[in-house]
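Asks: Contents of model-v3.cif (mmCIF, C-alpha atoms):
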```
data_run
loop_
_atom_site.label_atom_id
_atom_site.label_comp_id
_atom_site.auth_asym_id
_atom_site.auth_seq_id
_atom_site.Cartn_x
_atom_site.Cartn_y
_atom_site.Cartn_z
CA MET A 603 15.63 36.68 -13.70
CA SER A 604 12.27 36.40 -11.92
CA VAL A 605 10.83 33.95 -9.42
CA ILE A 606 7.62 32.37 -10.73
CA SER A 607 5.22 31.87 -7.84
CA VAL A 608 1.89 30.12 -7.27
CA SER A 609 0.02 33.36 -7.91
CA ASP A 610 1.66 33.65 -11.34
CA VAL A 611 0.43 30.16 -12.20
CA GLU A 612 -3.09 30.84 -10.95
CA LYS A 613 -3.31 33.96 -13.14
CA ALA A 614 -2.30 32.01 -16.25
CA ASN A 615 -4.93 30.87 -18.73
CA GLY A 616 -3.83 27.36 -19.63
CA VAL A 617 -0.27 28.33 -20.65
CA LEU A 618 2.36 30.31 -18.72
CA VAL A 619 5.33 31.58 -20.75
CA ILE A 620 8.39 32.39 -18.65
CA ALA A 621 11.85 33.68 -19.51
CA ALA A 622 14.73 31.31 -20.07
CA ARG A 623 16.41 32.18 -16.77
CA ASP A 624 13.29 32.51 -14.60
CA VAL A 625 13.11 30.26 -11.52
CA LEU A 626 9.98 28.11 -11.16
CA THR A 627 9.39 27.23 -7.51
CA PRO A 628 8.33 23.68 -6.58
CA LEU A 629 5.01 24.94 -5.17
CA ALA A 630 4.30 26.75 -8.42
CA ALA A 631 5.14 23.62 -10.40
CA ASP A 632 2.78 21.53 -8.25
CA ARG A 633 0.03 24.12 -8.64
CA ALA A 634 0.52 24.17 -12.41
CA LYS A 635 0.05 20.40 -12.46
CA GLU A 636 -3.15 20.70 -10.41
CA LEU A 637 -4.57 23.38 -12.72
CA ASN A 638 -3.30 21.75 -15.95
CA VAL A 639 -1.29 24.87 -16.74
CA ARG A 640 1.49 24.22 -19.28
CA ILE A 641 4.80 25.94 -18.53
CA GLU A 642 6.75 27.14 -21.57
CA ARG A 643 10.08 28.94 -21.57
CA ALA A 644 10.49 31.72 -24.12
CA GLY A 645 12.78 30.74 -26.98
CA VAL A 646 12.70 27.02 -26.07
CA ALA A 647 11.20 24.57 -28.55
CA LYS A 648 8.19 22.61 -27.32
CA GLU A 649 9.97 19.33 -27.93
CA ALA A 650 12.91 20.42 -25.82
CA ALA A 651 10.62 21.76 -23.12
CA ALA A 652 8.77 18.45 -22.95
CA GLN A 653 12.05 16.66 -22.30
CA ALA A 654 13.31 19.20 -19.79
CA PRO A 655 13.74 17.97 -16.22
CA LEU A 656 11.12 18.79 -13.65
CA PRO A 657 11.82 21.69 -11.28
CA LEU A 658 14.52 20.81 -8.81
CA ARG A 659 13.51 19.83 -5.32
CA PRO A 660 14.10 22.27 -2.48
CA ILE A 661 16.77 21.39 0.04
CA VAL A 662 16.52 21.40 3.78
CA GLN A 663 18.07 24.55 5.14
CA GLY A 664 21.60 23.93 6.30
CA SER A 665 22.17 20.75 4.28
CA VAL A 666 24.01 22.58 1.49
CA LYS A 667 25.75 25.91 1.68
CA PRO A 668 24.78 28.60 -0.82
CA THR A 669 27.18 29.38 -3.62
CA PRO A 670 29.15 32.47 -2.60
CA ALA A 671 28.54 35.61 -4.62
CA THR A 672 31.12 36.34 -7.31
CA LYS A 673 32.64 39.64 -8.32
CA SER A 674 30.73 41.56 -10.95
CA PRO A 675 32.72 42.81 -13.94
CA VAL A 676 31.55 46.31 -13.05
CA GLY A 677 32.53 45.99 -9.42
CA GLY A 678 30.73 44.89 -6.25
CA ASN A 679 29.08 41.57 -5.46
CA SER A 680 26.26 40.21 -7.60
CA ILE A 681 24.55 36.88 -8.11
CA GLN A 682 25.62 35.34 -11.39
CA PRO A 683 23.34 33.14 -13.52
CA GLY A 684 23.15 29.67 -11.95
CA ALA A 685 24.24 30.87 -8.53
CA LEU A 686 21.86 30.75 -5.56
CA SER A 687 20.39 33.88 -4.04
CA GLY A 688 20.50 33.93 -0.26
CA ALA A 689 16.87 35.06 -0.18
CA LEU A 690 15.80 32.28 -2.50
CA TYR A 691 17.78 29.80 -0.42
CA ARG A 692 15.95 30.78 2.73
CA ARG A 693 12.64 30.40 0.91
CA GLY A 694 13.56 26.87 -0.20
CA ALA A 695 14.08 27.75 -3.88
CA PRO A 696 15.45 25.18 -6.34
CA VAL A 697 19.12 24.37 -5.95
CA PRO A 698 21.37 24.85 -9.00
CA THR A 699 22.29 21.62 -10.77
CA LYS A 700 25.99 21.81 -9.88
CA MET A 701 25.09 21.74 -6.21
CA ARG A 702 22.74 18.75 -6.52
CA VAL A 703 25.01 15.78 -7.27
CA ARG A 704 23.83 13.95 -4.17
CA ASP A 705 20.18 14.84 -4.79
CA ASN A 706 20.46 13.60 -8.38
CA LEU A 707 21.64 10.25 -7.06
CA GLU A 708 18.76 10.19 -4.59
CA ASP A 709 16.29 10.96 -7.37
CA ALA A 710 17.65 8.06 -9.42
CA ALA A 711 17.29 5.71 -6.46
CA GLN A 712 13.76 7.05 -5.91
CA GLU A 713 12.65 6.18 -9.40
CA ASN A 714 14.24 2.72 -9.23
CA ARG A 715 11.86 1.79 -6.44
CA PRO A 716 8.50 0.23 -7.35
CA ARG A 717 5.18 2.04 -7.07
CA ALA A 718 2.19 0.89 -5.05
CA ALA A 719 -1.48 1.85 -5.02
CA VAL A 720 -4.29 1.48 -2.51
CA ILE A 721 -7.89 1.45 -3.74
CA GLY A 722 -10.28 2.92 -1.20
CA ALA A 723 -9.48 5.79 1.17
CA GLY A 724 -11.48 4.54 4.12
CA HIS A 725 -9.81 3.70 7.42
CA VAL A 726 -8.18 0.50 6.14
CA GLY A 727 -7.04 2.04 2.86
CA ALA A 728 -5.66 5.23 4.38
CA MET A 729 -3.77 3.36 7.07
CA THR A 730 -2.41 0.87 4.52
CA ALA A 731 -1.14 3.70 2.32
CA LEU A 732 0.62 5.32 5.27
CA ARG A 733 2.19 2.05 6.41
CA LEU A 734 3.47 1.37 2.88
CA ALA A 735 4.92 4.87 2.61
CA GLU A 736 6.63 4.59 5.97
CA THR A 737 8.70 1.64 4.72
CA SER A 738 10.36 3.92 2.09
CA LEU A 739 10.40 0.85 -0.19
CA PHE A 740 8.34 2.65 -2.84
CA SER A 741 8.91 5.73 -4.97
CA ARG A 742 5.17 6.52 -4.92
CA VAL A 743 2.07 5.31 -3.13
CA VAL A 744 -1.17 6.33 -4.85
CA LEU A 745 -4.38 6.42 -2.85
CA VAL A 746 -7.54 6.22 -5.01
CA ASP A 747 -11.13 6.92 -4.00
CA ILE A 748 -14.22 8.05 -5.90
CA ILE A 749 -15.08 10.77 -3.34
CA PRO A 750 -13.66 14.04 -4.71
CA GLY A 751 -10.79 15.39 -2.63
CA LEU A 752 -10.78 12.58 -0.06
CA ALA A 753 -7.75 10.66 -1.31
CA ALA A 754 -5.87 13.83 -2.26
CA GLY A 755 -6.50 15.43 1.11
CA LEU A 756 -5.45 12.35 3.08
CA ALA A 757 -2.38 11.89 0.89
CA LEU A 758 -1.27 15.47 1.47
CA ASP A 759 -1.87 15.15 5.20
CA MET A 760 0.25 11.97 5.29
CA TRP A 761 3.03 13.58 3.26
CA HIS A 762 3.16 16.42 5.78
CA SER A 763 4.35 13.83 8.33
CA ALA A 764 7.26 12.60 6.16
CA GLY A 765 9.88 14.68 7.94
CA LEU A 766 8.60 13.59 11.34
CA ARG A 767 8.41 9.90 10.44
CA GLY A 768 11.52 9.92 8.27
CA PHE A 769 10.12 8.35 5.09
CA THR A 770 10.86 9.32 1.49
CA THR A 771 7.96 7.71 -0.38
CA ARG A 772 5.71 10.31 -2.01
CA ILE A 773 1.99 9.85 -1.35
CA GLU A 774 -0.53 11.05 -3.92
CA GLY A 775 -4.32 10.97 -4.09
CA SER A 776 -6.65 10.58 -7.06
CA THR A 777 -10.23 9.85 -8.01
CA GLU A 778 -9.23 8.07 -11.22
CA LEU A 779 -8.08 4.48 -11.74
CA SER A 780 -5.82 5.81 -14.48
CA ALA A 781 -3.53 6.83 -11.59
CA LEU A 782 -2.56 3.12 -11.44
CA GLU A 783 -0.30 3.51 -14.50
CA GLY A 784 3.16 2.17 -13.66
CA VAL A 785 2.07 0.60 -10.37
CA SER A 786 3.58 -2.77 -9.41
CA TYR A 787 1.43 -3.55 -6.37
CA VAL A 788 -2.24 -2.81 -5.75
CA VAL A 789 -4.06 -3.22 -2.44
CA MET A 790 -7.84 -3.44 -2.84
CA THR A 791 -9.66 -2.19 0.27
CA ALA A 792 -12.71 -0.46 -1.25
CA GLY A 793 -16.06 -1.84 -0.27
CA ARG A 794 -18.77 -1.58 2.31
CA PRO A 795 -17.56 -2.40 5.85
CA ARG A 796 -19.39 -4.67 8.21
CA GLN A 797 -21.91 -3.28 10.66
CA PRO A 798 -23.04 -4.91 13.91
CA GLY A 799 -25.07 -8.03 13.22
CA MET A 800 -23.68 -8.47 9.70
CA SER A 801 -21.63 -11.44 8.57
CA ARG A 802 -18.90 -11.09 5.95
CA THR A 803 -21.07 -12.88 3.42
CA ASP A 804 -23.81 -10.25 3.88
CA LEU A 805 -21.52 -7.94 1.91
CA THR A 806 -21.24 -10.19 -1.15
CA GLY A 807 -23.60 -8.43 -3.54
CA VAL A 808 -22.64 -4.80 -3.00
CA ASN A 809 -18.92 -5.46 -2.76
CA ALA A 810 -18.87 -7.75 -5.79
CA GLU A 811 -20.05 -4.82 -7.91
CA ILE A 812 -17.30 -2.60 -6.51
CA VAL A 813 -14.55 -5.19 -6.90
CA GLY A 814 -15.62 -6.02 -10.44
CA GLY A 815 -15.36 -2.41 -11.59
CA VAL A 816 -11.99 -1.89 -9.93
CA ALA A 817 -10.67 -5.15 -11.39
CA ASP A 818 -11.44 -3.87 -14.88
CA GLY A 819 -9.47 -0.71 -14.13
CA ILE A 820 -6.51 -2.66 -12.76
CA ARG A 821 -6.44 -4.86 -15.83
CA ARG A 822 -6.43 -1.80 -18.07
CA HIS A 823 -3.99 0.46 -16.21
CA ALA A 824 -1.75 -1.91 -14.21
CA PRO A 825 -1.71 -5.16 -16.23
CA ASN A 826 1.54 -6.41 -14.70
CA SER A 827 0.74 -5.68 -11.07
CA VAL A 828 0.26 -7.97 -8.08
CA VAL A 829 -3.08 -7.46 -6.33
CA VAL A 830 -3.68 -7.96 -2.61
CA VAL A 831 -7.41 -8.15 -1.82
CA VAL A 832 -8.69 -7.00 1.57
CA THR A 833 -12.37 -6.45 0.70
CA ASN A 834 -14.84 -8.87 2.31
CA PRO A 835 -16.08 -11.53 1.90
CA LEU A 836 -12.41 -12.26 1.38
CA GLU A 837 -12.33 -15.55 -0.51
CA GLU A 838 -15.16 -14.64 -2.87
CA MET A 839 -13.74 -11.19 -3.65
CA THR A 840 -10.26 -12.63 -4.25
CA HIS A 841 -11.78 -15.12 -6.68
CA LEU A 842 -13.75 -12.36 -8.43
CA MET A 843 -10.66 -10.13 -8.68
CA ALA A 844 -8.69 -12.94 -10.31
CA LYS A 845 -11.46 -13.72 -12.80
CA ARG A 846 -12.11 -10.11 -13.81
CA THR A 847 -8.44 -9.16 -14.16
CA GLY A 848 -7.48 -12.43 -15.85
CA PHE A 849 -4.22 -12.36 -13.89
CA PRO A 850 -2.38 -15.62 -13.17
CA SER A 851 -3.11 -17.12 -9.76
CA ASN A 852 0.22 -16.06 -8.23
CA ARG A 853 -0.60 -12.37 -8.80
CA VAL A 854 -3.95 -12.20 -6.98
CA ILE A 855 -3.69 -12.82 -3.24
CA GLY A 856 -6.21 -12.46 -0.44
CA MET A 857 -5.14 -10.89 2.84
CA ALA A 858 -6.59 -12.89 5.68
CA GLY A 859 -4.12 -15.40 7.08
CA VAL A 860 -1.60 -12.77 8.18
CA LEU A 861 -4.32 -10.89 10.07
CA ASP A 862 -5.90 -13.98 11.63
CA SER A 863 -2.50 -15.35 12.64
CA ALA A 864 -1.59 -12.01 14.26
CA ARG A 865 -4.88 -11.90 16.13
CA PHE A 866 -4.36 -15.39 17.51
CA CYS A 867 -0.77 -14.64 18.58
CA SER A 868 -1.83 -11.44 20.34
CA LEU A 869 -4.59 -13.28 22.21
CA ILE A 870 -2.15 -16.00 23.28
CA ALA A 871 0.11 -13.26 24.67
CA LEU A 872 -2.72 -12.20 26.99
CA GLU A 873 -2.20 -15.56 28.72
CA ARG A 874 1.25 -14.28 29.73
CA VAL A 875 3.14 -17.19 28.24
CA ALA A 876 5.08 -15.06 25.74
CA LYS A 877 5.14 -11.75 23.91
CA PRO A 878 3.01 -11.61 20.73
CA GLN A 879 6.13 -11.64 18.53
CA ASP A 880 7.39 -14.76 20.30
CA VAL A 881 4.27 -16.78 19.51
CA ASN A 882 4.53 -18.79 16.29
CA ALA A 883 1.22 -19.90 14.79
CA ILE A 884 -0.51 -19.80 11.43
CA ALA A 885 -4.20 -19.43 10.52
CA LEU A 886 -5.36 -21.37 7.46
CA GLY A 887 -8.74 -22.07 5.83
CA SER A 888 -11.20 -19.21 5.57
CA HIS A 889 -11.35 -15.69 6.96
CA GLY A 890 -14.36 -16.62 9.01
CA ALA A 891 -16.14 -19.62 10.46
CA GLU A 892 -13.89 -22.18 8.73
CA MET A 893 -10.62 -20.76 10.06
CA VAL A 894 -8.16 -23.53 10.90
CA ILE A 895 -5.28 -22.94 13.32
CA PRO A 896 -3.05 -26.05 13.47
CA LEU A 897 -2.29 -26.17 17.18
CA SER A 898 0.13 -29.02 16.58
CA LEU A 899 2.47 -26.46 15.01
CA ALA A 900 1.83 -23.52 17.38
CA THR A 901 4.62 -22.57 19.78
CA ALA A 902 5.59 -19.84 22.25
CA ASN A 903 9.31 -19.23 22.62
CA GLY A 904 9.82 -22.55 20.87
CA ARG A 905 7.63 -24.53 23.27
CA PRO A 906 4.37 -26.17 22.07
CA LEU A 907 1.30 -24.19 23.09
CA GLU A 908 -0.49 -27.41 23.91
CA GLU A 909 2.03 -27.91 26.73
CA LEU A 910 1.63 -24.35 28.05
CA ILE A 911 -2.12 -23.77 27.93
CA ALA A 912 -4.98 -26.09 28.84
CA LYS A 913 -6.84 -27.68 25.93
CA ASP A 914 -10.20 -26.06 26.66
CA ARG A 915 -8.56 -22.66 27.11
CA LEU A 916 -6.73 -23.02 23.79
CA ALA A 917 -9.99 -23.92 22.07
CA ALA A 918 -11.59 -20.77 23.51
CA ILE A 919 -8.72 -18.61 22.23
CA VAL A 920 -9.02 -20.12 18.75
CA GLU A 921 -12.74 -19.31 18.79
CA ARG A 922 -12.09 -15.75 19.91
CA ALA A 923 -9.51 -15.28 17.15
CA ARG A 924 -12.04 -16.59 14.64
CA ASP A 925 -14.62 -14.04 15.85
CA SER A 926 -12.22 -11.16 16.51
CA GLY A 927 -13.43 -9.12 13.56
CA ALA A 928 -17.04 -9.31 14.77
CA GLU A 929 -15.90 -8.50 18.31
CA VAL A 930 -14.28 -5.27 17.12
CA VAL A 931 -17.34 -4.36 15.04
CA LYS A 932 -19.61 -4.87 18.04
CA LEU A 933 -17.43 -2.70 20.28
CA LEU A 934 -17.11 0.07 17.71
CA GLN A 935 -20.88 -0.05 17.00
CA LYS A 936 -20.18 1.51 13.62
CA GLY A 937 -17.44 0.49 11.21
CA SER A 938 -14.91 -2.31 11.52
CA ALA A 939 -11.28 -3.04 12.37
CA TYR A 940 -8.61 -1.19 10.43
CA PHE A 941 -5.32 -0.91 12.33
CA SER A 942 -4.43 -4.61 12.19
CA PRO A 943 -5.91 -5.25 8.71
CA ALA A 944 -3.88 -2.35 7.28
CA GLU A 945 -0.72 -3.51 9.01
CA SER A 946 -1.29 -7.01 7.65
CA ALA A 947 -1.83 -5.89 4.06
CA ALA A 948 1.16 -3.54 4.13
CA SER A 949 3.40 -6.25 5.57
CA MET A 950 2.47 -8.60 2.72
CA VAL A 951 3.37 -6.04 0.05
CA ALA A 952 6.59 -5.13 1.85
CA ALA A 953 7.52 -8.82 2.03
CA MET A 954 7.14 -9.10 -1.75
CA VAL A 955 9.40 -6.12 -2.35
CA ARG A 956 12.03 -7.28 0.13
CA GLY A 957 11.95 -10.80 -1.31
CA GLY A 958 12.14 -12.44 2.08
CA SER A 959 11.51 -16.14 2.60
CA SER A 960 9.24 -15.84 5.64
CA LEU A 961 6.32 -18.23 5.82
CA ILE A 962 2.92 -16.56 5.97
CA ALA A 963 -0.70 -17.53 5.37
CA ALA A 964 -2.62 -16.03 2.46
CA CYS A 965 -5.74 -16.73 0.42
CA VAL A 966 -4.51 -18.32 -2.81
CA GLN A 967 -5.64 -20.73 -5.51
CA SER A 968 -5.02 -24.11 -3.91
CA GLY A 969 -4.34 -26.00 -7.15
CA GLY A 970 -4.87 -29.29 -5.32
CA ALA A 971 -2.36 -28.54 -2.55
CA TYR A 972 -3.07 -30.37 0.71
CA GLY A 973 -5.46 -32.53 -1.27
CA VAL A 974 -8.23 -29.93 -0.99
CA ALA A 975 -10.58 -28.72 -3.69
CA ASP A 976 -9.11 -26.32 -6.23
CA THR A 977 -10.47 -23.10 -4.77
CA ARG A 978 -9.39 -19.89 -3.03
CA ILE A 979 -8.33 -20.77 0.50
CA GLY A 980 -5.85 -19.70 3.15
CA LEU A 981 -2.65 -21.75 2.85
CA PRO A 982 0.99 -21.39 3.96
CA VAL A 983 2.97 -19.57 1.27
CA ARG A 984 6.17 -17.72 0.56
CA LEU A 985 6.09 -14.51 -1.46
CA ASP A 986 8.46 -12.83 -3.88
CA ALA A 987 8.36 -9.81 -6.16
CA ASN A 988 5.87 -11.55 -8.47
CA GLY A 989 3.41 -12.56 -5.75
CA VAL A 990 3.12 -16.16 -4.56
CA LYS A 991 6.44 -17.92 -4.91
CA GLU A 992 5.30 -21.28 -3.54
CA ILE A 993 2.71 -23.04 -1.42
CA VAL A 994 4.51 -24.70 1.49
CA LYS A 995 3.53 -28.15 2.72
CA LEU A 996 3.23 -28.36 6.51
CA PRO A 997 2.81 -31.60 8.49
CA LEU A 998 -0.80 -31.35 9.67
CA ARG A 999 -2.49 -33.81 11.96
CA PRO A 1000 -5.39 -35.80 10.45
CA ASP A 1001 -8.00 -33.67 12.27
CA GLU A 1002 -6.36 -30.44 11.04
CA GLN A 1003 -6.18 -31.77 7.49
CA ALA A 1004 -9.87 -32.73 7.66
CA ALA A 1005 -10.83 -29.26 8.92
CA LEU A 1006 -8.91 -27.66 6.06
CA ALA A 1007 -10.66 -29.88 3.52
CA GLU A 1008 -14.05 -28.96 5.00
CA ALA A 1009 -13.15 -25.26 4.79
CA ALA A 1010 -12.24 -25.69 1.12
CA ARG A 1011 -15.59 -27.32 0.36
CA SER A 1012 -17.52 -24.51 2.05
CA ILE A 1013 -15.54 -21.81 0.27
CA ALA A 1014 -15.94 -23.54 -3.12
CA LYS A 1015 -19.71 -23.67 -2.57
CA ARG A 1016 -19.90 -19.93 -1.79
CA ILE A 1017 -17.78 -19.08 -4.81
CA SER A 1018 -19.98 -21.16 -7.08
CA GLU A 1019 -23.02 -19.27 -5.79
CA LEU A 1020 -21.27 -15.99 -6.63
CA GLY A 1021 -21.31 -16.94 -10.28
#
```
Starting from the coordinates I provided, produce the structure as C-alpha cells.
Replies:
Amino acid sequence: MSVISVSDVEKANGVLVIAARDVLTPLAADRAKELNVRIERAGVAKEAAAQAPLPLRPIVQGSVKPTPATKSPVGGNSIQPGALSGALYRRGAPVPTKMRVRDNLEDAAQENRPRAAVIGAGHVGAMTALRLAETSLFSRVVLVDIIPGLAAGLALDMWHSAGLRGFTTRIEGSTELSALEGVSYVVMTAGRPRQPGMSRTDLTGVNAEIVGGVADGIRRHAPNSVVVVVTNPLEEMTHLMAKRTGFPSNRVIGMAGVLDSARFCSLIALERVAKPQDVNAIALGSHGAEMVIPLSLATANGRPLEELIAKDRLAAIVERARDSGAEVVKLLQKGSAYFSPAESAASMVAAMVRGGSSLIAACVQSGGAYGVADTRIGLPVRLDANGVKEIVKLPLRPDEQAALAEAARSIAKRISELG
C-alpha cells in the first residue's frame, strides 16, 4: 500500500494509475481535479471507477481514535488493510469507511442543502459569498468572475477561515458560468461600480451589456434558480435580467429595499431613540431619487417615529438615507459601498432558504399592486424557497401612495428607454 501525494499527481500525464489498496490523499485528489488528471485503480473497470466515492475527508485530530493495530499472523503488530496508520492519521489521511458513520451522515446532510452562486468577485460579490457561506445553509457557494484566478483565490482564502468562523459551506471559485450547474440561488453583483459624481443611471449602458451576457448563462446553466440582482441601476438591471432569462417574475428579485431600509434604521439610531434593530421601517419605490419611506408606519421600540423626532429632522434623515450610497462613494473617493449591500443580498437569500415570513422590501414586478404601473419597483414582500411568495398590502397614507405611484412612473419611463 502506498500513499499517493500531490507530487505523484503533478508527475502524471493526464492519467494516474494506482494500486487497488493505495491511499489517495484529499490534497492529491483536489490537485488532480485542478490539473484534469484522471485517477484509475489497477484492475478496476472504468465504469466502476466512475461510480466510486470520492476520497474520504480528513478528520480533525482527536475527533476519532485510530484503529488499534492487530496481531500479524507471523507475529508482532502490523497495520491490516483498512486499518489506519498512526503516521497517516497525524497527517490527516482519509479515515477508513467503518470509522466514518458520523461523517457519512454529515456528507448526506451537506448534499441535501441547496447551492448558491455569486456572479462578480468584487467587494460586494466576495463579501456576499462569505456571508452566505457563514450561514452554513448551503452545501456550496460558487464565486464566478472573468478575471483568471480572482474568484478561485478569494474562495480559497475564505475557506481557510471556515474553522475559525465555524461554517461548513464549501466555497469554490471559477471563471466559467458553467459552474452554475445545480445552483438554486444566484446573486448578480458584477458590473461597474459608481465613482464620485456618477449617478446610478450613468451605469446603464455598460452594465446592461454585462447583465445581458450573464443572464444568458444563468438561463442555460441554472434554469430553475432564483436570481437576486444587485447591479445598478437596480430597477433597470432587474428588468433586463428577467427579460433575458425568461424567468417568471417571482424568481427575479432586485436587492434595494432591504439595504435602503437598513440604512434608514441605522441613521435613526444615531438620534439615540433606539438601537438600529429596534427601529421598524421599510423603504419602497426606487433605489434612488424616488425612494419612499412611509413614515406613518415607522416605529422605534413600537412607538411612532413621528412622535419621537421632529418633522423636519425626520425629513432630513429620509433624504440622507436616499443619498447614502452617494455619500459613501464620495467619502471613499474610489469605489462604492459593499459591506451593507452584501449583508442585504445575503440576508434575502438566507430568508428564502429558511422560509421565514418576515416582511421585507424588494424590487419586484408590481403587477398592478398598490394601483401603480406594472413595472419593477420596490414593494413589501414575503419570500419563500421559490422567490417572491406574495406582495403585501400596507395601509399607506394618500401622500405616501402618491409618491409610490410617481416612483413607478419614473421607473417605467427609464425601463422603456432601456429597450
Asks: Excluding Val955 of chain A and residues on its chain fewer than 2 positions from it, collect all residues at most 8 Å away from it, counting only C-alpha atoms, and give them as a list in words.
Replies: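 Returned residues: Leu739, Val951, Ala952, Ala953, Gly957, Asp986 and Ala987 of chain A.
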Asks: Residues picked by the PyMOL selection byres ((chain A and resi 998) around 12) here, as a PyMOL selection string?
Replies: chain A and resi 884+886+894-900+972-973+981-982+994-997+999-1007
Asks: Closest to Met950 of chain A among A:Pro878, A:Gly969, A:Gly904, A:Gly859, using all atoms listed in the file?
Replies: A:Gly859
Asks: From the options A:Pro906, A:Pro943, A:Gly856, A:Gly765, which residue's atoms come nearest to Val966 of chain A, counting only C-alpha atoms?
Replies: A:Gly856
Asks: Expand the PyMOL selection byres ((chain A and resi 926) around 10) into the explicit residue set it covers here, and present it as an NGL selection string.
Replies: :A and (862 or 865-866 or 869 or 890 or 920-925 or 927-932 or 939)
Asks: Please save C-alpha atoms of the selected residues as a JSON list (two decimals), in the frame of the given file.
Replies:
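result.json, freshly written:
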```json
[["chain", "number", "residue", "atom", "x", "y", "z"],
["A", 862, "ASP", "CA", -5.90, -13.98, 11.63],
["A", 865, "ARG", "CA", -4.88, -11.90, 16.13],
["A", 866, "PHE", "CA", -4.36, -15.39, 17.51],
["A", 869, "LEU", "CA", -4.59, -13.28, 22.21],
["A", 890, "GLY", "CA", -14.36, -16.62, 9.01],
["A", 920, "VAL", "CA", -9.02, -20.12, 18.75],
["A", 921, "GLU", "CA", -12.74, -19.31, 18.79],
["A", 922, "ARG", "CA", -12.09, -15.75, 19.91],
["A", 923, "ALA", "CA", -9.51, -15.28, 17.15],
["A", 924, "ARG", "CA", -12.04, -16.59, 14.64],
["A", 925, "ASP", "CA", -14.62, -14.04, 15.85],
["A", 927, "GLY", "CA", -13.43, -9.12, 13.56],
["A", 928, "ALA", "CA", -17.04, -9.31, 14.77],
["A", 929, "GLU", "CA", -15.90, -8.50, 18.31],
["A", 930, "VAL", "CA", -14.28, -5.27, 17.12],
["A", 931, "VAL", "CA", -17.34, -4.36, 15.04],
["A", 932, "LYS", "CA", -19.61, -4.87, 18.04],
["A", 939, "ALA", "CA", -11.28, -3.04, 12.37]]
```
Asks: May I ask for the distance between atom CA of Ile1017 of chain A and atom CA of Arg978 of chain A, given in Å to one decimal place?
Replies: 8.6 Å
Asks: For segment 805-809 of chain A, please output as a PyMOL selection string all residues within 7 Å (counting only C-alpha atoms; exclusion window: fewer than 3 positions along the same chain).
Replies: chain A and resi 793-794+802+812-813+834-835
